[in-house]
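K.L.:
Got a structure for you, questions after.
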Amino acid sequence: MAPYSRSLRTSISGKCFTLSGGVKVSQEGYSLKSYVLSRILQAIPLIFVVIVLNFVLIHTAPGDPIVFIAGEFGDPEYYDMMRAHYGLDRPIHERLVMYIGNVLKGDLGRSYFFRQPVIQVIAERIPATLLLMGTAALLASVLGIVVGVVSSSKPYSIRDNLITAGSLMGYSLPVFWLAQMLLIVLALWLGIFPAQGITSLRIDLTGIEYVLDVLHHLVLPASSLAIYHLALIARLTRANMLEVLQEDYITTAFSKGLSERRIVYRHALKNALLPVVTVIGMELGFMIAGAVLTETVYSWPGLGRLMYDSIYTRDYPVLMGLFIVISISVIIANLATDIVYGLLDPRIRHR
Amino acid sequence: MLLSDRTRSSDDLELLAERGLRERPHRIVQFWNRYKKNRAAVVGLIIVCFFILVSVFAPRIVSNAPFSLVANRFIPPSDEYPMGTDDLGRDVFSGVVYGSRVSLLVGFMAAATSTFIGTLIGAFSGYHGGRIDSMLMRITEVFQVVPRFFMALILVALFGASVWNVIFVIGILSWPVTARLVRAEYLSLKEREFIEAATALGMGHLRIVFSEILPNALPPIIVNSSLQVGSGILVEAGLSFLGLGDPSMISWGYMLNNAQRFLRQAWWMASFPGMAIFLTVLGLNLVGDGLNDALNPKLKER
């Protein structure tokens, strides 16, 4: 029953990840070093799988593969040149090797729309997305943990029930709709926050004023993106706290006469947070999806907005490039989560 | 003599059965009694049933077709157009009513697809064990690591956004969770004594897998698939919002995409379709929670 209840708890919103997948025990790994090494060795084939998958998609999708690498609307000479450059005139297995080599070198094709290499187009947009996601992740984890602990301190009280109901709603909200509603009410009607973009366009700001301006623009998108994850983390923290508070060592701590505050924060929270850490890390892939939708609503100049625009301009090379970049970041984030988990919980390494 | 004996014994049997029924209600009744203890879950069920009815009876609820231009543009909610009209003078209420069809169709069909695939693979993997199991789990891991939403987005962008493509893609990308869940159940169930007994009785593997183990593994499968309906609806709405929905059918995501350009002029264009998504998904999540409690009474007691 254990794996069932556990994976359900983390899968409560439908999109899931099994903890056992993330914290898989390496058979020979007793030391931290070999644990980390074994995790890295497991991540590398995944990256190759993603690249190969992309290659397969390019060649099985309806239409000329060159369109997916060099963009639409090019003239025949441009395509001939690009075909030669990307080896599309060679046999398929050579193409695959060449494609993997290109991707590893950072050559993800060329956007005909931007008239730039795809990797450059994507790289320019990464900081804005990182800012948005980092803020949202921070908000969601800090507030989520606090709310979860508060909620678990008096289970089934009115306060706890309200929080539970709130978090249930929180993860049923479509993030882009929440973003639109916040935008309409707080930006358009009340005018408290700016509605679009990352900075005010008309005024030239420098130094601290510039930072404040960006933060001002950041509030709405980051909150929209954070709500879902806040709800999830709160719920998870609550469930874990309730479970941990029933453990024997907590009873022992109580019987030793330690204060409740000390027990909750020092003893229980520490252990209840372990799975939460994993979830925060594994949520990343899902959070990028949310970021794409949020950025679309707020015209936030990050990867999401780029993705939306490239769907509309049918800029396939950028779309495929984004897929590779995002997939690889998710794999790396999962790897980092595993390693952090291994650091925090020695049992994972020794079991 | 013999005849009366027989009638008598069958009478007794009936009596026994009746008594048994009175003492122990039918399993479904028992289940419902446990389910309805969770009031939120009952509310969720009502919401879900409501939207199912709306989608079935859509043409009777609204007279305007969702894509037809019926009035002036940007009419605020009024008696005639309870949810207003959009930038082309289409009835938003009609769109919300008809939009339930795509959402529910995609949600339920995608969940069914992924449950089917996930159960097959998970059952095979868990029951068989060994090399095949670890190979299948590797494949599952790959599917789990690739960000689902983007994979769906790429596939739909490349292969076309028909509603069946969307269903297929979401279904194909959601099975790993089910597979892991089912595998775990099979791993533990296949060691139980009743399976040993079934093997001793000479049952074949297929029969053991499907008629002996599967019924016992059903609770987590049911809970999981109910949650997957909601997440499928969210993914579909997200795709449509990015312009990757089926253009021939109105959907809530498409309406929100359309509303995005007119947030300043027409708040109602965004508010109502989004509210519909929110309520549907909330209802499904509540039902999922309720099923979880009702199907696992032991879990709740802890």
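Numbering starts fresh at 1 for the residues of each chain in the structure tokens, the chains themselves are lettered A, B, ... in the order given, and ligands are numbered from 1 as they appear.
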Excluding stretch 114-116 of chain B and residues on its chain fewer than 4 positions from it, collect all residues at most 6 Å away from it, counting only C-alpha atoms, and give them as number ranges by chain.

P.N.:
B: 171, 174-175

K.L.:
Please, could you write that set of residues out with C-alpha atoms as a compact mmCIF listing (two decimals), in the first residue's frame?

P.N.:
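Printed below is selection_36.txt as written:
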```
# COMPACT_ATOMS: atom_id res chain seq x y z
CA GLY B 171 -3.17 9.97 -23.57
CA SER B 174 0.13 10.48 -19.42
CA TRP B 175 0.40 6.71 -19.10
```

K.L.:
Residues of chain B no more than 7 Å from chain A, counting only C-alpha atoms: send them over as a PDB file with C-alpha atoms, in the first residue's frame.

P.N.:
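What follows is the written file iface.pdb:
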```pdb
ATOM      1  CA  VAL B 142      12.099   8.523 -20.276  1.00  0.00           C
ATOM      2  CA  VAL B 145      11.252  13.051 -17.759  1.00  0.00           C
ATOM      3  CA  VAL B 146      10.293  14.660 -21.059  1.00  0.00           C
ATOM      4  CA  PRO B 147       8.143  17.676 -20.166  1.00  0.00           C
ATOM      5  CA  PHE B 149       3.144  19.866 -21.995  1.00  0.00           C
ATOM      6  CA  PHE B 150       5.908  20.749 -24.450  1.00  0.00           C
ATOM      7  CA  LEU B 158       3.767  19.313 -36.176  1.00  0.00           C
ATOM      8  CA  PHE B 159       0.977  16.818 -36.773  1.00  0.00           C
ATOM      9  CA  VAL B 177       2.135   7.471 -13.878  1.00  0.00           C
ATOM     10  CA  LEU B 181       1.124   2.739  -9.953  1.00  0.00           C
ATOM     11  CA  ALA B 184       3.656  -1.370  -7.742  1.00  0.00           C
ATOM     12  CA  PRO B 220      -5.632   3.239  -7.237  1.00  0.00           C
ATOM     13  CA  LEU B 227      -7.403  12.902 -11.540  1.00  0.00           C
ATOM     14  CA  GLN B 228      -6.075  12.493 -15.053  1.00  0.00           C
ATOM     15  CA  GLY B 230      -8.840  17.032 -14.829  1.00  0.00           C
ATOM     16  CA  SER B 231      -5.236  17.329 -15.848  1.00  0.00           C
ATOM     17  CA  LEU B 234      -6.022  21.622 -18.266  1.00  0.00           C
ATOM     18  CA  LEU B 242      -1.624  28.874 -27.312  1.00  0.00           C
ATOM     19  CA  GLN B 260      -6.488  37.890 -24.487  1.00  0.00           C
ATOM     20  CA  LEU B 263      -9.034  42.136 -21.848  1.00  0.00           C
ATOM     21  CA  ARG B 264      -9.421  45.910 -21.655  1.00  0.00           C
ATOM     22  CA  TRP B 267     -13.690  41.267 -19.222  1.00  0.00           C
ATOM     23  CA  GLY B 274     -12.090  30.319 -17.530  1.00  0.00           C
ATOM     24  CA  PHE B 278     -11.869  26.040 -13.123  1.00  0.00           C
ATOM     25  CA  VAL B 281     -11.328  20.705 -12.924  1.00  0.00           C
ATOM     26  CA  LEU B 282     -12.191  21.510  -9.317  1.00  0.00           C
TER      27      LEU B 282
END
```

K.L.:
Atom CA of A:Tyr228 and atom CA of B:Leu286, how far apart in Å?

P.N.:
15.9 Å

K.L.:
Please indicate the distance in Å from atom CA of B:Phe108 to atom CA of A:Ser167, rounded to one decimal place.

P.N.:
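So the answer is 23.9 Å.
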
K.L.:
So what do you get for atom CA of B:Gly44 versus atom CA of B:Leu284, distance-wise?

P.N.:
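One can read the atom CA of B:Gly44 to atom CA of B:Leu284 distance as 6.3 Å.
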
K.L.:
Please provide the set of residues having any atom within 7 Å of A:Ala136, restricted to only C-alpha atoms, with same-chain residues fewer than 3 positions apart removed, written as a list in words.

P.N.:
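The contact residues come out as Leu132, Met133, Leu139, Ala140, Ala222, Ser223, Leu225 and Ala226 of chain A.
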
K.L.:
Please produce an output containing C-alpha atoms for each residue in the selection, written as a compact mmCIF listing (two decimals), in the first residue's frame.

P.N.:
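What follows is the written file result_29.txt:
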```txt
# COMPACT_ATOMS: atom_id res chain seq x y z
CA LEU A 132 10.00 34.85 -13.41
CA MET A 133 10.35 31.20 -12.48
CA LEU A 139 7.26 32.47 -3.34
CA ALA A 140 5.59 29.09 -3.72
CA ALA A 222 5.10 35.69 -10.53
CA SER A 223 2.03 35.48 -8.28
CA LEU A 225 2.58 31.32 -11.65
CA ALA A 226 3.19 30.68 -7.95
```

K.L.:
With only C-alpha atoms as the basis for distance, which of B:Phe210, B:Ala294, B:Ala111, B:Gly99 is at the shortest distance from B:Arg27?

P.N.:
B:Ala294

K.L.:
As a ChimeraX atom specification, list the residues of stretch 180-308 of chain A assigned to helix (DSSP H, G or I) by DSSP on the backbone atoms of this structure.

P.N.:
/A:180-189,207-244,248-255,260-282,284-298,303-308

K.L.:
Taking into account only C-alpha atoms, which residue in the set A:Leu104, A:Arg95, A:Leu258, A:Gly71 is nearest to A:Gln116?

P.N.:
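Among the listed residues, A:Gly71 lies closest to A:Gln116.
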
K.L.:
I'd like the neighbourhood of stretch 261-273 of chain A as a PyMOL selection string, where a residue qualifies if any of its atoms comes within 10 Å (using only C-alpha atoms), though same-chain residues fewer than 3 positions away should be ignored.

P.N.:
chain A and resi 145+149+152-153+233+236-247+249-251+253-254+257-258+276-279+344-345
